[in-house]
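Shown here: structure08.cif, mmCIF, C-alpha atoms.
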data_query
loop_
_atom_site.label_atom_id
_atom_site.label_comp_id
_atom_site.auth_asym_id
_atom_site.auth_seq_id
_atom_site.Cartn_x
_atom_site.Cartn_y
_atom_site.Cartn_z
CA MET A 1 210.63 -223.51 53.15
CA THR A 2 211.31 -219.90 52.18
CA ARG A 3 209.87 -220.76 48.76
CA LEU A 4 206.57 -221.42 50.45
CA PHE A 5 206.62 -218.02 52.12
CA ALA A 6 206.53 -216.46 48.67
CA PHE A 7 203.02 -217.84 48.24
CA ILE A 8 201.65 -216.12 51.35
CA PRO A 9 200.62 -212.93 49.48
CA LEU A 10 198.93 -215.00 46.78
CA ALA A 11 197.04 -217.06 49.36
CA PHE A 12 196.06 -213.85 51.14
CA PHE A 13 194.83 -212.33 47.89
CA ALA A 14 192.82 -215.47 47.11
CA ALA A 15 191.19 -215.43 50.54
CA MET A 16 190.25 -211.75 50.14
CA ALA A 17 188.93 -212.34 46.62
CA VAL A 18 186.64 -215.13 47.84
CA TYR A 19 185.45 -213.01 50.75
CA PHE A 20 184.68 -210.00 48.55
CA ALA A 21 182.99 -212.18 45.93
CA MET A 22 180.68 -213.41 48.68
CA GLY A 23 180.00 -209.82 49.66
CA LEU A 24 178.98 -208.99 46.08
CA GLN A 25 176.14 -211.50 46.31
CA GLU A 26 174.49 -209.46 49.03
CA ASP A 27 172.09 -206.65 48.34
CA PRO A 28 173.51 -203.51 49.95
CA GLY A 29 170.02 -201.96 49.95
CA GLU A 30 168.76 -204.46 52.47
CA ILE A 31 169.45 -203.00 55.83
CA PRO A 32 168.38 -205.28 58.66
CA SER A 33 165.40 -203.82 60.48
CA GLN A 34 166.06 -202.80 64.06
CA LEU A 35 162.40 -203.40 64.92
CA ILE A 36 162.34 -207.19 64.57
CA ASP A 37 160.77 -208.66 67.73
CA GLN A 38 160.47 -205.16 69.14
CA PRO A 39 157.19 -203.48 70.05
CA LEU A 40 155.83 -200.96 67.58
CA PRO A 41 156.80 -197.35 68.12
CA ASP A 42 154.07 -195.25 69.72
CA PHE A 43 152.15 -193.37 67.11
CA GLU A 44 148.91 -191.75 66.21
CA LEU A 45 148.26 -191.28 62.52
CA ALA A 46 145.60 -188.91 61.24
CA PRO A 47 143.20 -190.14 58.57
CA ILE A 48 143.99 -189.23 54.98
CA GLN A 49 141.72 -186.74 53.30
CA GLY A 50 138.29 -188.10 52.53
CA THR A 51 138.36 -190.88 55.12
CA GLU A 52 137.12 -190.90 58.66
CA PHE A 53 139.67 -192.84 60.68
CA GLY A 54 143.40 -192.94 61.04
CA PHE A 55 144.90 -195.37 63.52
CA THR A 56 147.26 -195.64 66.47
CA ASP A 57 149.68 -198.34 67.58
CA ASP A 58 147.04 -199.49 70.09
CA ASP A 59 144.63 -200.27 67.24
CA LEU A 60 147.10 -202.86 65.98
CA GLN A 61 147.02 -204.97 69.14
CA GLY A 62 145.20 -208.29 69.38
CA GLU A 63 145.39 -209.38 65.77
CA VAL A 64 148.06 -210.41 63.29
CA ILE A 65 148.24 -207.67 60.66
CA LEU A 66 150.34 -206.32 57.84
CA LEU A 67 151.34 -202.69 57.87
CA ASN A 68 152.15 -201.41 54.41
CA TYR A 69 153.94 -198.16 53.62
CA PHE A 70 152.92 -196.70 50.28
CA GLY A 71 152.60 -193.42 48.44
CA SER A 72 150.67 -192.26 45.40
CA TRP A 73 153.99 -190.93 44.00
CA CYS A 74 155.62 -194.34 44.18
CA PRO A 75 155.51 -196.46 40.98
CA PRO A 76 156.55 -199.75 42.66
CA CYS A 77 153.60 -199.28 45.05
CA LEU A 78 151.25 -199.27 42.09
CA GLN A 79 152.96 -202.40 40.84
CA GLU A 80 152.41 -204.03 44.23
CA HIS A 81 148.84 -202.83 44.55
CA PRO A 82 147.00 -205.69 42.75
CA MET A 83 148.68 -208.19 45.08
CA LEU A 84 147.50 -206.22 48.12
CA MET A 85 143.98 -206.19 46.69
CA GLN A 86 144.19 -209.95 46.25
CA ILE A 87 145.38 -210.42 49.86
CA ALA A 88 142.58 -208.17 51.10
CA ARG A 89 139.97 -210.14 49.14
CA SER A 90 141.33 -213.45 50.44
CA GLY A 91 140.63 -212.25 53.97
CA VAL A 92 143.76 -213.99 55.28
CA VAL A 93 145.12 -210.94 57.06
CA PRO A 94 144.01 -207.33 57.41
CA ILE A 95 146.33 -204.74 55.88
CA TYR A 96 146.79 -201.32 57.40
CA GLY A 97 148.18 -198.66 55.09
CA VAL A 98 150.41 -195.70 55.79
CA ASP A 99 150.39 -193.01 53.15
CA TRP A 100 153.98 -191.75 53.14
CA LYS A 101 154.93 -188.18 52.25
CA ASP A 102 151.98 -187.57 50.00
CA GLU A 103 150.34 -184.31 49.03
CA PRO A 104 147.00 -183.80 50.82
CA GLY A 105 144.32 -185.74 48.98
CA ALA A 106 146.74 -187.51 46.64
CA GLY A 107 146.70 -190.79 48.57
CA ALA A 108 142.92 -190.81 48.82
CA ALA A 109 142.55 -190.10 45.09
CA TRP A 110 145.01 -192.90 44.29
CA LEU A 111 143.04 -195.39 46.42
CA GLN A 112 139.79 -194.20 44.86
CA ARG A 113 141.20 -194.82 41.43
CA TYR A 114 142.89 -198.18 41.95
CA GLY A 115 140.93 -199.62 44.87
CA ASN A 116 141.56 -199.64 48.59
CA PRO A 117 143.02 -202.85 50.07
CA TYR A 118 143.43 -201.32 53.53
CA VAL A 119 141.19 -201.63 56.57
CA ARG A 120 142.50 -198.24 57.64
CA VAL A 121 144.91 -195.72 56.22
CA GLY A 122 147.02 -193.34 58.28
CA ASP A 123 148.68 -190.22 56.98
CA ASP A 124 152.44 -189.85 57.47
CA ALA A 125 152.78 -186.68 55.42
CA SER A 126 155.84 -185.47 57.33
CA GLY A 127 157.57 -188.84 57.13
CA ARG A 128 158.47 -188.72 60.84
CA LEU A 129 156.91 -192.08 61.71
CA ALA A 130 158.72 -193.61 58.74
CA ILE A 131 162.00 -192.78 60.46
CA ASP A 132 160.77 -194.42 63.69
CA PHE A 133 160.07 -197.50 61.59
CA GLY A 134 163.55 -197.35 60.08
CA LEU A 135 161.95 -197.12 56.66
CA THR A 136 164.31 -197.07 53.68
CA GLY A 137 161.77 -196.68 50.92
CA ALA A 138 158.33 -197.58 49.65
CA PRO A 139 156.74 -200.00 49.46
CA GLU A 140 157.80 -201.63 52.68
CA THR A 141 155.66 -204.01 54.72
CA PHE A 142 155.80 -205.00 58.37
CA LEU A 143 154.27 -208.16 59.80
CA ILE A 144 152.94 -207.48 63.29
CA ASP A 145 151.85 -210.13 65.77
CA ARG A 146 148.96 -210.07 68.26
CA GLU A 147 151.12 -208.48 70.95
CA GLY A 148 151.92 -205.59 68.65
CA ARG A 149 155.49 -206.68 67.99
CA VAL A 150 157.13 -206.43 64.58
CA ARG A 151 158.02 -209.94 63.45
CA TYR A 152 159.18 -209.43 59.90
CA ARG A 153 159.86 -206.68 57.41
CA HIS A 154 159.65 -206.99 53.67
CA VAL A 155 161.47 -204.33 51.64
CA GLY A 156 160.03 -203.75 48.19
CA ILE A 157 157.13 -205.15 46.27
CA ILE A 158 155.13 -208.07 47.65
CA THR A 159 155.06 -210.34 44.64
CA GLU A 160 152.96 -213.46 44.42
CA ASP A 161 156.07 -215.47 45.35
CA VAL A 162 156.85 -213.32 48.36
CA TRP A 163 153.28 -213.70 49.55
CA ASN A 164 152.97 -217.44 48.96
CA GLU A 165 156.42 -218.46 50.08
CA THR A 166 157.27 -216.01 52.83
CA LEU A 167 154.53 -213.78 54.17
CA ARG A 168 151.52 -216.06 54.07
CA PRO A 169 153.24 -218.96 55.89
CA MET A 170 154.48 -216.53 58.57
CA VAL A 171 151.05 -214.92 58.94
CA GLU A 172 149.37 -218.31 59.30
CA ALA A 173 151.96 -219.56 61.78
CA LEU A 174 151.42 -216.47 63.93
CA GLN A 175 147.64 -216.84 63.71
CA ARG A 176 147.87 -220.45 64.90
CA SER A 177 150.22 -219.72 67.79
CA MET B 1 168.81 -172.58 62.36
CA ASP B 2 169.48 -169.21 63.94
CA ASP B 3 172.15 -170.35 66.35
CA PRO B 4 175.38 -170.68 64.33
CA ALA B 5 176.87 -173.12 66.86
CA LEU B 6 173.87 -175.43 66.52
CA GLU B 7 174.00 -175.06 62.76
CA ALA B 8 177.65 -176.10 62.76
CA ARG B 9 176.84 -179.14 64.91
CA ALA B 10 173.98 -180.07 62.59
CA MET B 11 176.32 -179.84 59.58
CA ARG B 12 178.86 -182.08 61.29
CA LEU B 13 176.15 -184.62 62.17
CA TYR B 14 174.85 -184.62 58.59
CA GLY B 15 178.28 -185.81 57.53
CA GLN B 16 178.28 -188.65 60.06
CA LEU B 17 174.92 -190.15 59.14
CA ARG B 18 174.40 -192.28 56.09
CA CYS B 19 171.53 -191.73 53.71
CA VAL B 20 169.82 -195.11 53.87
CA VAL B 21 168.49 -194.99 50.33
CA CYS B 22 171.70 -193.87 48.64
CA GLN B 23 174.23 -195.97 50.58
CA SER B 24 177.47 -194.19 49.86
CA GLN B 25 176.34 -190.66 50.56
CA SER B 26 175.81 -188.97 53.88
CA ILE B 27 172.48 -187.31 54.57
CA GLY B 28 174.26 -184.00 54.10
CA GLU B 29 175.25 -184.89 50.55
CA SER B 30 172.01 -186.49 49.42
CA ASN B 31 168.98 -184.88 47.84
CA ALA B 32 166.75 -187.88 48.56
CA PRO B 33 163.51 -186.92 50.34
CA LEU B 34 164.28 -189.38 53.12
CA ALA B 35 167.68 -187.73 53.69
CA GLU B 36 165.89 -184.40 53.87
CA ASP B 37 163.57 -185.80 56.55
CA MET B 38 166.53 -187.20 58.45
CA ARG B 39 168.22 -183.80 58.38
CA ALA B 40 165.02 -182.27 59.73
CA VAL B 41 164.99 -184.82 62.56
CA VAL B 42 168.64 -184.00 63.38
CA ARG B 43 167.76 -180.29 63.60
CA GLU B 44 164.70 -181.00 65.75
CA ARG B 45 166.66 -183.11 68.18
CA LEU B 46 169.42 -180.52 68.47
CA LEU B 47 166.84 -177.86 69.19
CA LEU B 48 165.47 -180.12 71.94
CA GLY B 49 168.91 -179.80 73.51
CA GLU B 50 170.22 -183.27 72.73
CA SER B 51 173.93 -183.97 72.51
CA ASP B 52 175.59 -185.10 69.28
CA ALA B 53 175.89 -188.62 70.70
CA GLU B 54 172.18 -188.67 71.55
CA VAL B 55 171.22 -187.63 68.03
CA ILE B 56 173.48 -190.31 66.53
CA GLY B 57 172.02 -192.81 69.02
CA PHE B 58 168.48 -191.89 67.98
CA MET B 59 169.25 -192.72 64.35
CA ARG B 60 171.23 -195.81 65.26
CA GLU B 61 168.29 -197.18 67.26
CA ARG B 62 166.14 -196.93 64.15
CA TYR B 63 168.51 -197.74 61.32
CA GLY B 64 171.24 -199.73 63.06
CA GLU B 65 174.99 -199.42 62.64
CA TYR B 66 174.45 -199.07 58.94
CA VAL B 67 173.46 -195.44 59.41
CA LEU B 68 176.90 -194.52 60.78
CA MET B 69 179.27 -193.27 58.09
CA MET B 70 182.21 -194.30 60.25
CA PRO B 71 181.96 -197.83 61.60
CA PRO B 72 182.54 -197.96 65.36
CA LEU B 73 185.50 -199.93 66.72
CA GLN B 74 184.00 -203.07 68.26
CA ALA B 75 184.33 -206.85 68.15
CA ASN B 76 182.81 -207.36 64.70
CA THR B 77 184.71 -204.45 63.12
CA LEU B 78 188.10 -205.35 64.62
CA LEU B 79 189.25 -206.95 61.37
CA LEU B 80 188.10 -203.91 59.39
CA TRP B 81 190.07 -201.48 61.53
CA GLY B 82 192.97 -203.77 62.40
CA LEU B 83 193.79 -205.25 59.02
CA PRO B 84 195.38 -202.15 57.42
CA LEU B 85 197.58 -201.65 60.48
CA ALA B 86 198.46 -205.35 60.60
CA LEU B 87 199.35 -205.28 56.90
CA LEU B 88 201.50 -202.19 57.37
CA VAL B 89 203.43 -203.81 60.24
CA PHE B 90 203.69 -207.14 58.44
CA GLY B 91 204.84 -205.52 55.20
CA GLY B 92 207.17 -203.13 56.97
CA VAL B 93 208.89 -205.88 58.96
CA GLY B 94 209.11 -207.95 55.79
CA ALA B 95 210.69 -205.08 53.89
CA ILE B 96 213.25 -204.41 56.62
CA VAL B 97 214.21 -208.09 56.86
CA TYR B 98 214.58 -208.27 53.08
CA VAL B 99 216.76 -205.19 52.81
CA ARG B 100 218.95 -206.34 55.70
CA LYS B 101 219.44 -209.71 54.07
CA GLN B 102 220.42 -208.15 50.74
CA ALA B 103 222.94 -205.92 52.47
CA GLY B 104 224.42 -208.88 54.34
CA ALA B 105 224.80 -211.00 51.24
CA GLU B 106 226.79 -208.46 49.32
CA SER B 107 229.26 -206.73 51.63
CA LEU B 108 229.62 -203.03 51.03
CA ALA B 109 233.22 -203.02 52.22
CA LEU B 110 235.88 -202.83 49.48
CA SER B 111 238.01 -205.81 48.68
CA ALA B 112 241.84 -205.60 48.98
CA GLU B 113 242.10 -205.27 45.19
CA GLU B 114 239.63 -202.38 45.09
CA ASP B 115 241.50 -200.71 47.96
CA ALA B 116 244.69 -200.84 45.96
CA GLN B 117 242.97 -199.39 42.87
CA LEU B 118 241.50 -196.58 44.87
CA GLU B 119 244.81 -195.82 46.49
CA ALA B 120 246.41 -195.66 43.02
CA LEU B 121 243.77 -193.26 41.75
CA ARG B 122 244.15 -191.02 44.75
CA ARG B 123 247.87 -190.84 44.27
CA GLU B 124 247.44 -189.91 40.60
CA GLU B 125 245.09 -187.13 41.56
CA GLY B 126 247.47 -185.85 44.24
CA GLN B 127 250.34 -185.59 41.81
CA GLU B 128 248.58 -183.31 39.40
#

Spit out the file's structure as structure tokens when you get a sec.
Amino acid sequence: MTRLFAFIPLAFFAAMAVYFAMGLQEDPGEIPSQLIDQPLPDFELAPIQGTEFGFTDDDLQGEVILLNYFGSWCPPCLQEHPMLMQIARSGVVPIYGVDWKDEPGAGAAWLQRYGNPYVRVGDDASGRLAIDFGLTGAPETFLIDREGRVRYRHVGIITEDVWNETLRPMVEALQRS
Amino acid sequence: MDDPALEARAMRLYGQLRCVVCQSQSIGESNAPLAEDMRAVVRERLLLGESDAEVIGFMRERYGEYVLMMPPLQANTLLLWGLPLALLVFGGVGAIVYVRKQAGAESLALSAEEDAQLEALRREEGQE
């Protein structure tokens, strides 16, 4: 019997090792969004230079939309950009853009150069709204339902797979409901 | 900030909030632009007259428990906080039991033979 007790530390170590190995599979960069199923924060974003309209949280009511945080300084955003253009062309869901912590005019020039997939673009030069959104980086995309509630957040680039397998099905389900 | 007391509180809060892009640094230690913005928000809220707990709560509402450098003691962190203490008690009791058992097995008292030897040595010493 006492022989068996000698194996307790080993069993304990094994249990911990399995638990930690499981932990290693997780991406520590993915912080769960606190906004899921919550209403959008109140905001009013000014237009970026060279455009006429910004938008407010009220503008996002009544329709399923994607809200995409980007910046002209952000290489992954450029990588994501063709996919956003493709989504915009498909007409499946309107995309609203927030230009995050950009120099005045830089976001507008970037959109001029690469194309503008957004129905409207708001300017979050100070990055204050980003903190209300619990943003951890760019690009980051929020799926918002007709009632103006955040239903899903995607951290990082929207790849073709993310769009086809995750976002598009969710968008279409929300549009049907 | 001009007020040194507020400045000190801001510094302390910087150390308690995690930079959400750098993970193992506080917003006070990080140079990331987002950490800079978070520091600015902390200063703004302090200037509005908010308490330390309110400022922490503001960040926690937006970024969740993850933003706290020190995990709070609650149901899902009980294991985290309790395990080291449990291990210390468990190990400590184990160590005491082990040492006691060793001592019991091999008596420290001298045998009759050893007593006689010792007595002989003492006598020798006394004579000189």

statement: Closest of A:Val162, A:Val155, A:Cys77, A:Ala46 to chain B, counting all atoms listed in the file, is A:Val155

- request: Name the residues that the PyMOL selection byres ((chain B) within 12 of (chain A)) pulls out of this structure, and write them as an MDAnalysis selection string.
  value: chainID B and resid 18:24 32:42 44 58:67 83 87 90:91 94

message: Just to confirm, what's the straight-line distance from atom CA of A:Ile158 to atom CA of A:Val92 in Å (one decimal)?
response: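 The value is 14.9 Å.
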
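Atom to atom, atom CA of A:Gly148 and atom CA of A:Gln61 stand 5.0 Å apart.
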
- prompt: If you measure from atom CA of A:Pro76 to atom CA of A:Asp59, what distance in Å do you get, rounded to one decimal?
  reply: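 About the pair atom CA of A:Pro76 and atom CA of A:Asp59: they are 27.3 Å apart.
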
If we count only C-alpha atoms and set the cut-off at 7 Å, which residues sit around A:Thr56, ignoring sequence neighbours fewer than 4 positions away in its own chain? Please answer as a compact mmCIF listing (two decimals) with C-alpha atoms, keeping the file's coordinate frame.
# COMPACT_ATOMS: atom_id res chain seq x y z
CA PHE A 43 152.15 -193.37 67.11
CA GLU A 44 148.91 -191.75 66.21
CA LEU A 45 148.26 -191.28 62.52

message: Since I can't run it myself right now, could you work out what the PyMOL selection byres ((chain B and resi 43) around 12) selects here and report it as a PyMOL selection string?
response: chain B and resi 1-3+6-14+36-42+44-52+55-56

task: Carefully work through the PyMOL selection byres ((chain A and resi 111) around 12) for this structure and note down the residues it includes, as JSON, numbers by chain.
output: {"A": [48, 49, 50, 51, 70, 71, 72, 77, 78, 81, 82, 84, 85, 97, 98, 99, 105, 106, 107, 108, 109, 110, 112, 113, 114, 115, 116, 117, 118, 120, 121]}

Output for the residues just chosen: C-alpha atoms as a compact mmCIF listing (two decimals), keeping the file's coordinate frame:
# COMPACT_ATOMS: atom_id res chain seq x y z
CA ILE A 48 143.99 -189.23 54.98
CA GLN A 49 141.72 -186.74 53.30
CA GLY A 50 138.29 -188.10 52.53
CA THR A 51 138.36 -190.88 55.12
CA PHE A 70 152.92 -196.70 50.28
CA GLY A 71 152.60 -193.42 48.44
CA SER A 72 150.67 -192.26 45.40
CA CYS A 77 153.60 -199.28 45.05
CA LEU A 78 151.25 -199.27 42.09
CA HIS A 81 148.84 -202.83 44.55
CA PRO A 82 147.00 -205.69 42.75
CA LEU A 84 147.50 -206.22 48.12
CA MET A 85 143.98 -206.19 46.69
CA GLY A 97 148.18 -198.66 55.09
CA VAL A 98 150.41 -195.70 55.79
CA ASP A 99 150.39 -193.01 53.15
CA GLY A 105 144.32 -185.74 48.98
CA ALA A 106 146.74 -187.51 46.64
CA GLY A 107 146.70 -190.79 48.57
CA ALA A 108 142.92 -190.81 48.82
CA ALA A 109 142.55 -190.10 45.09
CA TRP A 110 145.01 -192.90 44.29
CA GLN A 112 139.79 -194.20 44.86
CA ARG A 113 141.20 -194.82 41.43
CA TYR A 114 142.89 -198.18 41.95
CA GLY A 115 140.93 -199.62 44.87
CA ASN A 116 141.56 -199.64 48.59
CA PRO A 117 143.02 -202.85 50.07
CA TYR A 118 143.43 -201.32 53.53
CA ARG A 120 142.50 -198.24 57.64
CA VAL A 121 144.91 -195.72 56.22

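Minimum distance to A:Trp100 across A:Val119, A:Met83, A:Trp73, A:Gly62 (counting all atoms listed in the file) occurs at A:Trp73.
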
- prompt: So which one's closest to B:Glu29, B:Gly126, B:Pro4, B:Ala86, B:Met69? Using all atoms listed in the file, please.
  reply: B:Met69

Write stretch 46-63 of chain B as a PDB file, in the coordinates of the input, completed to N, CA and C atoms.
ATOM      1  N   LEU B  46     168.443-181.494  67.946  1.00  0.00           N
ATOM      2  CA  LEU B  46     169.420-180.520  68.470  1.00  0.00           C
ATOM      3  C   LEU B  46     168.702-179.381  69.169  1.00  0.00           C
ATOM      4  N   LEU B  47     167.600-178.946  68.577  1.00  0.00           N
ATOM      5  CA  LEU B  47     166.840-177.860  69.190  1.00  0.00           C
ATOM      6  C   LEU B  47     166.220-178.289  70.513  1.00  0.00           C
ATOM      7  N   LEU B  48     165.970-179.597  70.669  1.00  0.00           N
ATOM      8  CA  LEU B  48     165.470-180.120  71.940  1.00  0.00           C
ATOM      9  C   LEU B  48     166.574-180.150  72.994  1.00  0.00           C
ATOM     10  N   GLY B  49     167.801-179.841  72.567  1.00  0.00           N
ATOM     11  CA  GLY B  49     168.910-179.800  73.510  1.00  0.00           C
ATOM     12  C   GLY B  49     169.676-181.103  73.617  1.00  0.00           C
ATOM     13  N   GLU B  50     169.500-182.003  72.665  1.00  0.00           N
ATOM     14  CA  GLU B  50     170.220-183.270  72.730  1.00  0.00           C
ATOM     15  C   GLU B  50     171.682-183.101  72.329  1.00  0.00           C
ATOM     16  N   SER B  51     172.517-183.974  72.876  1.00  0.00           N
ATOM     17  CA  SER B  51     173.930-183.970  72.510  1.00  0.00           C
ATOM     18  C   SER B  51     174.120-184.654  71.167  1.00  0.00           C
ATOM     19  N   ASP B  52     175.297-184.460  70.572  1.00  0.00           N
ATOM     20  CA  ASP B  52     175.590-185.100  69.280  1.00  0.00           C
ATOM     21  C   ASP B  52     175.432-186.609  69.391  1.00  0.00           C
ATOM     22  N   ALA B  53     175.951-187.165  70.513  1.00  0.00           N
ATOM     23  CA  ALA B  53     175.890-188.620  70.700  1.00  0.00           C
ATOM     24  C   ALA B  53     174.439-189.088  70.794  1.00  0.00           C
ATOM     25  N   GLU B  54     173.588-188.292  71.420  1.00  0.00           N
ATOM     26  CA  GLU B  54     172.180-188.670  71.550  1.00  0.00           C
ATOM     27  C   GLU B  54     171.481-188.682  70.188  1.00  0.00           C
ATOM     28  N   VAL B  55     171.824-187.693  69.362  1.00  0.00           N
ATOM     29  CA  VAL B  55     171.220-187.630  68.030  1.00  0.00           C
ATOM     30  C   VAL B  55     171.652-188.838  67.198  1.00  0.00           C
ATOM     31  N   ILE B  56     172.954-189.139  67.253  1.00  0.00           N
ATOM     32  CA  ILE B  56     173.480-190.310  66.530  1.00  0.00           C
ATOM     33  C   ILE B  56     172.797-191.572  67.064  1.00  0.00           C
ATOM     34  N   GLY B  57     172.661-191.650  68.399  1.00  0.00           N
ATOM     35  CA  GLY B  57     172.020-192.810  69.020  1.00  0.00           C
ATOM     36  C   GLY B  57     170.576-192.978  68.579  1.00  0.00           C
ATOM     37  N   PHE B  58     169.875-191.871  68.431  1.00  0.00           N
ATOM     38  CA  PHE B  58     168.480-191.890  67.980  1.00  0.00           C
ATOM     39  C   PHE B  58     168.377-192.563  66.603  1.00  0.00           C
ATOM     40  N   MET B  59     169.264-192.158  65.706  1.00  0.00           N
ATOM     41  CA  MET B  59     169.250-192.720  64.350  1.00  0.00           C
ATOM     42  C   MET B  59     169.703-194.181  64.354  1.00  0.00           C
ATOM     43  N   ARG B  60     170.688-194.459  65.209  1.00  0.00           N
ATOM     44  CA  ARG B  60     171.230-195.810  65.260  1.00  0.00           C
ATOM     45  C   ARG B  60     170.188-196.807  65.780  1.00  0.00           C
ATOM     46  N   GLU B  61     169.361-196.337  66.735  1.00  0.00           N
ATOM     47  CA  GLU B  61     168.290-197.180  67.260  1.00  0.00           C
ATOM     48  C   GLU B  61     167.327-197.586  66.156  1.00  0.00           C
ATOM     49  N   ARG B  62     167.127-196.688  65.198  1.00  0.00           N
ATOM     50  CA  ARG B  62     166.140-196.930  64.150  1.00  0.00           C
ATOM     51  C   ARG B  62     166.713-197.615  62.914  1.00  0.00           C
ATOM     52  N   TYR B  63     167.930-197.219  62.567  1.00  0.00           N
ATOM     53  CA  TYR B  63     168.510-197.740  61.320  1.00  0.00           C
ATOM     54  C   TYR B  63     169.705-198.665  61.545  1.00  0.00           C
TER      55      TYR B  63
END
